[in-house]
Amino acid sequence: MTTYDDSNIFARILRGEVPSVKVFEDDTVLVMMDIFPQSRGHTLVIPKAASRNLLDADADALATAAAYLPRLARAVKAATGADGIRLAQFNEAPAGQTVFHLHFHLIPVYDGVELGQHGGGKADEAELRDIATAIAAAL
Ligand code: AMP
């Protein structure tokens, strides 16, 4: 399927049907912790406007969401003490996309530490909540 399907997990989180560990939310974006993080502090930025990915995205909605990235990247870096931040975004399954609602990954990178697998092990929820609080405080 290449049309937007609003039963995807992020659409359900945006509707409040499924819990998430939130960092920040307003009318246009939801920022939350990835529950299968590739590193400590792996954060997802989810535009609220419905689109599957970059390929069907509205340019204005995308620009609005992208405008949050520098501030969020700085907050993630400050809160985690990471040495760098990787920005990732995947379009369609062959490119690595697993949830079909547009989102950006902000992945902290620590010197000498390899990133975990994309969609690997589940994080401890209390630890995620602590990191989310620290990132929110650094915003
Ligand atoms: P992508 O492969 O770019 O579509 O990324 C989807 C991301 O969502 C993966 O990194 C998953 O670990 C993450 N993910 C899946 N389900 C949830 C969830 N319920 N809450 C938070 N993150 C999730």
# chains A, B, ... in the order shown; residues from 1 in each chain; ligands from 1
$ residues_near_ligand --ligand "ligand 1" --cutoff "8 Å" --atoms "only C-alpha atoms and all ligand atoms" --output "count of residues only"
34
$ residues_around --residues "A:Tyr110" --least-positions-apart "2" --cutoff "7 Å" --atoms "only C-alpha atoms" --output "number ranges by chain"
A: 82-84, 108, 112-113
$ write_last_selection --atoms "N, CA and C atoms" --output "compact mmCIF listing (two decimals), in the first residue's frame"
# COMPACT_ATOMS: atom_id res chain seq x y z
N ALA A 82 25.84 13.56 24.46
CA ALA A 82 26.33 12.89 23.25
C ALA A 82 27.41 13.73 22.58
N ASP A 83 28.24 13.07 21.77
CA ASP A 83 29.30 13.77 21.05
C ASP A 83 28.83 14.26 19.69
N GLY A 84 27.75 13.67 19.19
CA GLY A 84 27.18 14.10 17.91
C GLY A 84 25.74 13.63 17.83
N PRO A 108 21.45 10.28 19.21
CA PRO A 108 22.73 10.67 19.81
C PRO A 108 23.82 9.66 19.47
N GLY A 112 33.15 6.38 20.25
CA GLY A 112 33.60 5.01 20.51
C GLY A 112 32.47 4.02 20.76
N VAL A 113 31.21 4.45 20.66
CA VAL A 113 30.08 3.54 20.90
C VAL A 113 29.32 3.34 19.60
$ closest_residue --among "A:Ile85, A:Leu14, A:Leu128, A:Ile135" --to "A:Leu115" --atoms "only C-alpha atoms"
A:Ile85
$ atom_distance --atom1 "atom CA of A:Ala73" --atom2 "atom CA of A:Ala134"
13.0 Å
$ atom_distance --atom1 "atom CA of A:Thr43" --atom2 "atom CA of A:Ile131"
9.7 Å
$ atom_distance --atom1 "atom CA of A:Arg12" --atom2 "atom CA of A:Arg52"
13.8 Å
$ closest_residue --among "A:Arg15, A:Lys77, A:Lys48, A:Arg40" --to "A:Asp130" --atoms "only C-alpha atoms"
A:Arg40
$ select_by_dssp --residues "chain A" --states "strand (DSSP E or B)" --output "PyMOL selection string"
chain A and resi 22-25+29-33+43-47+84-88+104-109
$ residues_around --residues "A:Thr64" --least-positions-apart "5" --cutoff "10 Å" --atoms "only C-alpha atoms" --output "JSON, numbers by chain"
{"A": [28, 29, 47, 59, 69]}
$ closest_residue --among "A:Asp5, A:Gly16, A:Leu54, A:Ala137" --to "A:Ala79" --atoms "only C-alpha atoms"
A:Ala137
$ closest_residue --among "A:Ile46, A:Thr3, A:Gly41, A:Asp60" --to "A:Phe24" --atoms "only C-alpha atoms"
A:Ile46
$ select_by_dssp --residues "chain A" --states "alpha helix (DSSP H)" --output "ChimeraX atom specification"
/A:9-14,59-66,69-80,125-138
$ residues_around --residues "A:Arg71" --least-positions-apart "2" --cutoff "12 Å" --atoms "only C-alpha atoms" --output "ChimeraX atom specification"
/A:24,31,45,65-69,73-78,106,135-136,138-139
